[in-house]
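*Asks:* To be precise about what I am sending: the file is called target.csv and holds CSV, C-alpha atoms.
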chain,number,residue,atom,x,y,z
A,290,MET,CA,47.1,55.2,43.2
A,291,ARG,CA,45.9,58.5,41.6
A,292,THR,CA,42.5,58.5,40.0
A,293,ILE,CA,42.5,60.0,36.5
A,294,ALA,CA,39.6,62.2,36.2
A,295,THR,CA,40.1,62.4,32.4
A,296,ALA,CA,39.7,58.7,31.8
A,297,VAL,CA,36.8,58.0,29.5
A,298,LEU,CA,34.1,56.1,31.3
A,299,LEU,CA,31.6,54.7,28.8
A,300,ALA,CA,28.2,53.3,29.8
A,301,CYS,CA,26.8,54.0,26.3
A,302,LEU,CA,28.1,55.5,23.1
A,303,ALA,CA,25.9,57.1,20.6
A,304,LEU,CA,27.0,55.2,17.5
A,305,PRO,CA,25.1,54.6,14.3
A,306,ILE,CA,23.4,51.3,14.0
A,307,THR,CA,25.4,49.1,11.6
A,308,PRO,CA,23.9,46.5,9.3
A,309,ALA,CA,24.2,42.8,9.9
A,310,SER,CA,27.8,41.7,9.6
A,311,ALA,CA,29.0,40.3,6.3
A,312,PHE,CA,32.3,39.0,7.5
A,313,PRO,CA,33.2,35.6,6.1
A,314,ALA,CA,32.2,32.5,8.0
A,315,ALA,CA,35.4,30.8,6.9
A,316,PRO,CA,38.9,32.2,6.6
A,317,THR,CA,40.3,33.1,3.2
A,318,TYR,CA,43.5,31.3,4.1
A,319,ALA,CA,43.2,28.6,6.8
A,320,ASP,CA,45.9,27.0,9.0
A,321,VAL,CA,48.8,29.1,7.6
A,322,GLU,CA,51.9,27.8,9.3
A,323,VAL,CA,54.1,30.6,10.6
A,324,ALA,CA,56.6,28.7,12.7
A,325,HIS,CA,57.3,25.2,14.1
A,326,ILE,CA,58.5,25.3,17.8
A,327,THR,CA,59.0,23.0,20.7
A,328,TYR,CA,56.8,23.7,23.7
A,329,GLN,CA,57.3,21.6,26.9
A,330,GLY,CA,59.2,19.0,25.0
A,331,GLN,CA,56.5,18.6,22.4
A,332,PRO,CA,56.2,19.9,18.8
A,333,PHE,CA,53.9,22.9,18.5
A,334,ASP,CA,52.9,24.6,15.2
A,335,LEU,CA,52.2,28.3,15.2
A,336,LYS,CA,49.4,28.7,12.7
A,337,MET,CA,46.9,31.5,11.8
A,338,ASN,CA,43.8,32.0,9.8
A,339,VAL,CA,43.5,35.0,7.5
A,340,TYR,CA,40.2,36.8,6.7
A,341,LEU,CA,40.4,39.2,3.8
A,342,PRO,CA,37.8,41.9,3.0
A,343,PRO,CA,35.2,40.8,0.4
A,344,GLY,CA,35.3,42.0,-3.2
A,345,PRO,CA,37.9,42.1,-5.9
A,346,LYS,CA,41.5,42.6,-5.0
A,347,GLY,CA,42.3,46.3,-5.0
A,348,GLN,CA,44.6,48.5,-3.1
A,349,PRO,CA,46.5,46.7,-0.3
A,350,THR,CA,44.5,46.7,3.0
A,351,PRO,CA,45.6,47.1,6.6
A,352,ILE,CA,45.7,44.0,8.8
A,353,VAL,CA,44.9,43.5,12.5
A,354,LEU,CA,46.3,40.4,14.3
A,355,SER,CA,43.7,39.1,16.8
A,356,ILE,CA,45.1,37.4,19.8
A,357,HIS,CA,42.9,35.0,21.8
A,358,GLY,CA,42.9,34.6,25.6
A,359,LYS,CA,44.7,31.9,27.6
A,360,GLY,CA,42.1,29.2,27.0
A,361,GLY,CA,41.4,30.0,23.3
A,362,THR,CA,42.9,29.0,19.9
A,363,TYR,CA,43.4,30.7,16.6
A,364,ASN,CA,40.4,28.7,15.3
A,365,GLN,CA,38.1,30.5,17.8
A,366,PRO,CA,38.0,34.1,16.3
A,367,LYS,CA,36.5,36.9,18.3
A,368,THR,CA,33.4,38.3,16.5
A,369,TYR,CA,34.3,41.9,17.6
A,370,ALA,CA,37.6,41.6,15.7
A,371,LEU,CA,36.2,40.0,12.6
A,372,ASN,CA,33.8,43.0,12.3
A,373,LEU,CA,36.9,44.8,11.0
A,374,VAL,CA,36.6,42.8,7.7
A,375,ASP,CA,33.4,44.6,7.0
A,376,HIS,CA,35.4,47.9,7.1
A,377,GLY,CA,38.1,46.9,4.7
A,378,VAL,CA,40.6,45.6,7.2
A,379,ALA,CA,42.1,42.1,7.0
A,380,VAL,CA,42.2,40.1,10.2
A,381,ALA,CA,44.5,37.3,11.1
A,382,THR,CA,43.7,35.1,14.1
A,383,ILE,CA,47.0,34.0,15.7
A,384,ASP,CA,48.2,31.5,18.3
A,385,PHE,CA,50.9,31.2,20.9
A,386,ARG,CA,52.3,28.7,23.4
A,387,LYS,CA,50.2,28.4,26.6
A,388,ALA,CA,52.8,29.7,29.1
A,389,GLY,CA,56.3,31.0,29.5
A,390,MET,CA,57.8,34.4,29.0
A,391,PRO,CA,59.4,35.7,26.9
A,392,GLY,CA,58.4,32.7,24.7
A,393,MET,CA,54.8,33.8,24.3
A,394,LEU,CA,55.9,37.3,23.2
A,395,TYR,CA,58.4,35.8,20.7
A,396,ASP,CA,55.6,33.7,19.2
A,397,THR,CA,53.3,36.7,18.6
A,398,LYS,CA,56.2,38.8,17.2
A,399,ALA,CA,56.8,36.0,14.7
A,400,TYR,CA,53.3,36.6,13.2
A,401,ILE,CA,53.9,40.4,12.8
A,402,ARG,CA,57.1,39.8,10.9
A,403,PHE,CA,55.5,37.0,8.9
A,404,VAL,CA,52.6,39.1,7.6
A,405,ARG,CA,55.0,41.8,6.6
A,406,ALA,CA,57.2,39.3,4.7
A,407,HIS,CA,54.1,37.9,2.9
A,408,ALA,CA,52.3,41.2,2.4
A,409,ALA,CA,52.1,40.8,-1.3
A,410,GLU,CA,50.6,37.3,-1.0
A,411,PHE,CA,47.8,38.5,1.3
A,412,ASN,CA,47.4,41.9,-0.4
A,413,ILE,CA,48.1,43.8,2.7
A,414,ASP,CA,49.9,47.0,3.4
A,415,PRO,CA,53.0,46.2,5.6
A,416,LYS,CA,53.0,49.8,6.8
A,417,ARG,CA,49.6,49.4,8.4
A,418,VAL,CA,49.6,46.6,11.0
A,419,GLY,CA,47.6,46.6,14.2
A,420,ILE,CA,46.9,44.2,17.1
A,421,TRP,CA,43.8,43.4,19.1
A,422,GLY,CA,44.1,41.1,22.1
A,423,GLY,CA,42.0,40.3,25.1
A,424,SER,CA,42.9,38.8,28.6
A,425,ARG,CA,46.2,36.8,28.0
A,426,GLY,CA,46.1,38.1,24.5
A,427,GLY,CA,45.7,41.6,26.0
A,428,GLU,CA,48.8,41.1,28.1
A,429,LEU,CA,50.7,40.2,24.9
A,430,ALA,CA,49.1,43.1,23.0
A,431,ALA,CA,50.3,45.5,25.7
A,432,LEU,CA,53.8,44.2,25.3
A,433,LEU,CA,53.7,44.2,21.6
A,434,ALA,CA,52.4,47.8,21.6
A,435,VAL,CA,55.5,49.2,23.2
A,436,THR,CA,58.4,46.8,22.3
A,437,GLY,CA,58.3,46.9,18.5
A,438,ASP,CA,61.8,46.7,17.2
A,439,ASN,CA,63.2,46.2,20.7
A,440,LYS,CA,66.0,43.8,19.7
A,441,LYS,CA,66.4,42.4,23.2
A,442,LEU,CA,62.7,41.3,23.1
A,443,GLU,CA,62.5,40.3,19.5
A,444,GLY,CA,63.4,36.6,19.6
A,445,ASP,CA,64.0,34.6,16.4
A,446,VAL,CA,60.9,32.5,16.3
A,447,GLY,CA,59.8,32.0,12.7
A,448,GLY,CA,62.6,34.0,11.2
A,449,ASN,CA,61.9,36.9,8.9
A,450,LEU,CA,64.2,39.0,11.1
A,451,ASP,CA,64.7,41.5,8.3
A,452,GLN,CA,61.1,42.6,9.0
A,453,SER,CA,59.8,45.0,11.7
A,454,SER,CA,57.6,44.1,14.6
A,455,MET,CA,56.5,47.7,15.1
A,456,LEU,CA,52.7,48.2,15.2
A,457,GLN,CA,50.8,51.2,14.0
A,458,ALA,CA,47.8,50.7,16.4
A,459,SER,CA,47.2,48.5,19.4
A,460,VAL,CA,44.0,47.5,21.1
A,461,ILE,CA,44.5,46.1,24.6
A,462,TYR,CA,41.5,44.5,26.2
A,463,TYR,CA,41.4,43.7,29.9
A,464,PRO,CA,45.1,42.8,30.4
A,465,LEU,CA,47.4,42.2,33.2
A,466,THR,CA,50.2,44.7,33.0
A,467,ASP,CA,52.3,45.1,36.1
A,468,ILE,CA,51.7,41.7,37.8
A,469,PHE,CA,52.8,43.0,41.2
A,470,LEU,CA,50.0,45.6,41.2
A,471,ASN,CA,47.6,42.8,41.9
A,472,THR,CA,46.6,41.0,45.1
A,473,ASP,CA,49.1,38.5,46.6
A,474,GLY,CA,46.8,35.6,45.5
A,475,LYS,CA,46.7,36.8,41.9
A,476,VAL,CA,50.5,37.3,41.8
A,477,VAL,CA,51.1,33.8,43.1
A,478,GLU,CA,48.6,32.4,40.6
A,479,MET,CA,50.2,34.1,37.6
A,480,LEU,CA,53.9,33.6,38.3
A,481,PRO,CA,54.0,30.0,37.2
A,482,ASP,CA,52.6,31.0,33.7
A,483,TYR,CA,55.3,33.7,33.4
A,484,VAL,CA,58.4,32.3,35.0
A,485,GLY,CA,57.6,28.7,35.6
A,486,THR,CA,57.8,28.7,39.4
A,487,ASN,CA,55.6,26.4,41.6
A,488,GLU,CA,53.3,27.8,44.2
A,489,ALA,CA,55.8,27.7,47.1
A,490,ASP,CA,58.5,29.4,45.1
A,491,SER,CA,56.0,31.9,43.8
A,492,GLU,CA,55.3,33.0,47.3
A,493,LYS,CA,59.1,33.5,47.8
A,494,VAL,CA,59.3,35.5,44.6
A,495,LEU,CA,56.5,37.7,45.9
A,496,GLN,CA,58.3,38.2,49.3
A,497,ALA,CA,61.5,39.1,47.5
A,498,TYR,CA,59.7,41.7,45.5
A,499,LYS,CA,57.9,43.2,48.6
A,500,LYS,CA,61.2,43.4,50.5
A,501,HIS,CA,63.2,44.5,47.5
A,502,ASP,CA,65.6,41.7,48.5
A,503,THR,CA,68.1,41.8,45.7
A,504,ALA,CA,70.2,39.2,47.5
A,505,SER,CA,67.4,36.6,47.5
A,506,PRO,CA,67.9,33.7,45.1
A,507,TYR,CA,64.3,34.5,43.9
A,508,TRP,CA,65.2,38.0,42.9
A,509,LYS,CA,66.0,36.8,39.4
A,510,TYR,CA,62.4,35.9,38.9
A,511,VAL,CA,61.4,39.4,40.0
A,512,GLN,CA,63.7,40.7,37.3
A,513,GLN,CA,62.2,38.4,34.7
A,514,VAL,CA,58.7,39.6,35.5
A,515,GLU,CA,59.8,43.3,35.4
A,516,ALA,CA,61.3,42.6,31.9
A,517,MET,CA,57.8,41.6,30.8
A,518,ASN,CA,56.1,44.7,32.3
A,519,PRO,CA,54.9,46.8,29.4
A,520,MET,CA,54.9,50.0,31.5
A,521,ASN,CA,58.7,49.8,31.6
A,522,TYR,CA,58.8,50.4,27.8
A,523,ILE,CA,56.3,53.2,27.2
A,524,THR,CA,57.8,56.4,25.8
A,525,LYS,CA,56.4,59.5,24.2
A,526,ASN,CA,57.0,57.8,20.8
A,527,SER,CA,54.9,54.7,21.6
A,528,PRO,CA,52.3,53.9,18.9
A,529,PRO,CA,48.6,54.7,19.6
A,530,ALA,CA,46.9,52.4,22.0
A,531,LEU,CA,43.3,51.8,23.0
A,532,ILE,CA,42.9,50.2,26.4
A,533,ALA,CA,39.5,48.8,27.5
A,534,VAL,CA,38.4,46.9,30.6
A,535,ALA,CA,35.2,46.2,32.5
A,536,GLY,CA,34.6,48.0,35.8
A,537,ASP,CA,33.6,44.6,37.4
A,538,ASP,CA,36.5,42.6,36.0
A,539,MET,CA,37.4,40.1,38.7
A,540,GLY,CA,39.9,38.3,36.5
A,541,ASN,CA,42.3,41.1,35.5
A,542,PRO,CA,41.2,44.1,37.7
A,543,ILE,CA,40.9,47.6,36.3
A,544,ILE,CA,44.0,48.7,38.1
A,545,ASN,CA,46.1,47.0,35.5
A,546,SER,CA,44.6,48.9,32.6
A,547,LEU,CA,44.4,52.2,34.4
A,548,ALA,CA,48.1,52.0,35.3
A,549,MET,CA,49.0,51.5,31.7
A,550,TYR,CA,46.8,54.4,30.6
A,551,GLU,CA,48.4,56.6,33.3
A,552,LYS,CA,51.9,55.8,32.0
A,553,TYR,CA,50.9,56.8,28.5
A,554,LEU,CA,49.5,60.0,30.0
A,555,GLU,CA,52.8,60.7,31.9
A,556,GLN,CA,54.9,60.1,28.8
A,557,GLY,CA,52.6,62.2,26.5
A,558,ALA,CA,51.9,59.2,24.2
A,559,PRO,CA,48.5,58.8,22.4
A,560,ALA,CA,46.1,56.5,24.2
A,561,HIS,CA,42.4,56.1,24.8
A,562,PHE,CA,40.9,54.4,27.9
A,563,TYR,CA,37.4,52.9,27.8
A,564,THR,CA,35.5,51.1,30.6
A,565,TYR,CA,32.0,50.0,31.2
A,566,THR,CA,31.0,49.9,34.9
A,567,LEU,CA,28.8,46.8,34.7
A,568,GLY,CA,30.9,44.7,32.4
A,569,THR,CA,32.8,41.6,33.5
A,570,HIS,CA,36.0,39.9,32.4
A,571,GLY,CA,35.8,39.1,28.7
A,572,ASN,CA,32.9,41.5,28.1
A,573,VAL,CA,33.3,45.3,27.9
A,574,GLY,CA,30.0,45.7,26.1
A,575,LYS,CA,29.1,46.1,22.4
A,576,ASN,CA,29.3,49.9,22.6
A,577,ILE,CA,33.0,49.8,23.4
A,578,ASP,CA,33.5,47.0,20.8
A,579,GLU,CA,31.9,49.1,18.1
A,580,ALA,CA,33.9,52.2,19.2
A,581,THR,CA,37.1,50.1,19.0
A,582,VAL,CA,36.4,48.9,15.5
A,583,GLU,CA,36.0,52.6,14.4
A,584,TRP,CA,39.2,53.5,16.3
A,585,GLN,CA,41.2,50.7,14.6
A,586,VAL,CA,39.9,51.7,11.1
A,587,GLU,CA,40.7,55.3,11.7
A,588,HIS,CA,44.2,54.6,13.0
A,589,LEU,CA,45.1,52.2,10.2
A,590,ALA,CA,43.8,54.5,7.5
A,591,LYS,CA,46.0,55.2,4.5
A,592,ASN,CA,46.6,58.7,5.5
A,593,VAL,CA,45.9,59.0,9.2
A,594,PRO,CA,44.7,62.6,10.0
A,595,PRO,CA,46.5,64.3,12.9
A,596,GLN,CA,44.7,64.2,16.1
A,597,PHE,CA,45.4,67.9,16.5
A,598,PRO,CA,46.2,70.3,13.6
A,599,ALA,CA,49.0,72.0,15.6
A,600,PRO,CA,51.0,71.3,18.8
A,601,LEU,CA,49.1,71.8,22.0
A,602,ARG,CA,50.0,74.8,24.1
A,603,LYS,CA,52.7,74.4,26.7
A,604,GLN,CA,51.6,73.9,30.3
A,605,PRO,CA,52.0,77.2,32.2
A,606,PRO,CA,54.6,77.2,35.0
A,607,PRO,CA,53.3,76.4,38.6
A,608,SER,CA,53.5,80.1,39.5
A,609,ALA,CA,50.9,80.9,37.0
A,610,CYS,CA,48.5,78.3,38.4
A,611,LYS,CA,48.1,80.4,41.6
A,612,THR,CA,46.5,83.2,39.6
A,613,SER,CA,44.9,81.4,36.8
A,614,GLY,CA,42.1,78.8,36.6
A,615,PHE,CA,43.4,77.4,33.3
A,616,CYS,CA,46.2,75.2,34.5
A,617,THR,CA,47.0,72.7,37.1
A,618,LEU,CA,49.9,71.9,39.4
A,619,ASP,CA,49.7,68.2,38.6
A,620,PRO,CA,51.8,67.5,35.5
A,621,ILE,CA,50.2,64.1,35.0
A,622,ILE,CA,46.8,65.5,34.1
A,623,ALA,CA,48.0,68.8,32.6
A,624,ASN,CA,47.2,69.6,29.0
A,625,ARG,CA,50.3,69.2,26.9
Could you show the structure in this file as structure tokens?
*Replies:*
Amino acid sequence: MRTIATAVLLACLALPITPASAFPAAPTYADVEVAHITYQGQPFDLKMNVYLPPGPKGQPTPIVLSIHGKGGTYNQPKTYALNLVDHGVAVATIDFRKAGMPGMLYDTKAYIRFVRAHAAEFNIDPKRVGIWGGSRGGELAALLAVTGDNKKLEGDVGGNLDQSSMLQASVIYYPLTDIFLNTDGKVVEMLPDYVGTNEADSEKVLQAYKKHDTASPYWKYVQQVEAMNPMNYITKNSPPALIAVAGDDMGNPIINSLAMYEKYLEQGAPAHFYTYTLGTHGNVGKNIDEATVEWQVEHLAKNVPPQFPAPLRKQPPPSACKTSGFCTLDPIIANR
């Protein structure tokens, strides 16, 4: 896999020291029911907690949906996400079923449509909705980032189908992206959560993928996994994304995040990639967390300033690269 020299490697960011957080200890709206579903034969309520910025109600604010990891719940908010409340951004901590695709994706899309349908009630701007997910929540954030308004991947959980699931900014922390990029052991471990196979069948799915055996009865599972691969949906029009992962992440290795960043780069879509060499799974460091808060606030601003005031220059043709030091033969890392 190509190493991207332009990836942003952050060991430390020179950010101003912020005062102690003033975000509320309790949600403004608790246990808001978004949908009632059945999961593994049992009733399951999709609920969320909503944290609104302090002070009198003024202009509608943007909102970020915070998605927990596999073992979390909506009642265990991430401090780094709640810091957004101090910056005038509402936060909703959301939930999803514990396994099964595309069900988990449908659950999270239900929340996006719900907050838009109830924008007036929560005093939020339905045109400024972001996501922030980590680990399993990062996998869902990666899909949500690039499948907004994709009717084939919308589902009908929770209704509000007249509302959009498009996001304006997506923060994707230490996700899995293309499952088959990972070690054989990791693939076999994750397949049951995605397509419901047991360990023995997961091994057969992996072998079908490796051999590209379309005649295998397990090929249908390969197709199901590929349908949940966010890199298959990235286009030049994909909304801005910030991808962050620790260099020493042994859970969801850096190759997953880097591959998604590369795909954004190939398509010419806006993305930032942050990593901290000594961080571990679930911890990219406070420097990156603080930078991410600033990124979300900027990208969900009322009038987002353009990243560049004018279109970037066109890449010179390959023939020009032979006589000039200002271009490269590699279109992946070329300036656009």
*Asks:* Which residue, A:Glu515, A:Glu428, A:Glu551, A:Glu443, has the smallest gap to Phe469 in chain A when you use only C-alpha atoms?
*Replies:*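 Using only C-alpha atoms, Phe469 in chain A sits closest to A:Glu515.
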*Asks:* Could you check which of A:Glu583, A:Asp502, A:Asp396, A:Glu410 is closest to Asp375 in chain A, using all atoms listed in the file?
*Replies:* A:Glu583
*Asks:* Provide the CA of Val418 in chain A to CA of Ile523 in chain A distance in Å, to one decimal place.
*Replies:*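 Pair CA of Val418 in chain A / CA of Ile523 in chain A returns 18.7 Å.
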*Asks:* List the spatial neighbours of Ile543 in chain A as a ChimeraX atom specification - criterion: any atom at most 10 Å away, all atoms listed in the file, same-chain residues fewer than 5 positions off excluded.
*Replies:* /A:463-465,471,533-538,548,564,570
*Asks:* Write out as a list of chain:residue names the residues lying within 8 Å of Gly422 in chain A, counting only C-alpha atoms and excluding same-chain residues fewer than 6 positions away.
*Replies:*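 Here the qualifying residues turn out to be A:Ser355, A:Ile356, A:His357, A:Gly358, A:Glu428, A:Leu429, A:Ala430, A:Val460, A:Ile461, A:Tyr462.
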*Asks:* For Lys552 in chain A, which residue out of A:Leu371, A:Val484, A:Val435, A:Ala379 is the nearest one, using only C-alpha atoms?
*Replies:*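 Using only C-alpha atoms, the shortest distance to Lys552 in chain A belongs to A:Val435.
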*Asks:* Find the residue from A:Pro519, A:Gly447, A:Pro542, A:Pro529 that sits nearest to Leu335 in chain A; use all atoms listed in the file when measuring.
*Replies:*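 Result for the nearest residue to Leu335 in chain A: A:Gly447.
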*Asks:* For CA of Lys336 in chain A and CA of Val323 in chain A, quote the distance in Å rounded to one decimal.
*Replies:* 5.5 Å
*Asks:* Pick the closest to Arg425 in chain A from A:Val374, A:Met393, A:Met455, A:Ala408: which is it, counting only C-alpha atoms?
*Replies:*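 Comparing A:Val374, A:Met393, A:Met455, A:Ala408 against Arg425 in chain A, the winner is A:Met393.
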*Asks:* Which of these residues is nearest to Leu341 in chain A, using all atoms listed in the file: A:Asn412, A:Thr397, A:Thr327, A:Gln556?
*Replies:*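 Closest candidate: A:Asn412.
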*Asks:* Would you work out the distance separating CA of Lys509 in chain A from CA of Ile544 in chain A, expressed in Å to one decimal?
*Replies:*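 We find that CA of Lys509 in chain A and CA of Ile544 in chain A lie 25.0 Å from each other.
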*Asks:* Using only C-alpha atoms, list the residues that have an atom at most 9 Å from (41.9, 38.7, 5.4), coordinates as in the file, as a PyMOL selection string.
*Replies:* chain A and resi 316-318+338-343+350+352+374+378-381+411-413
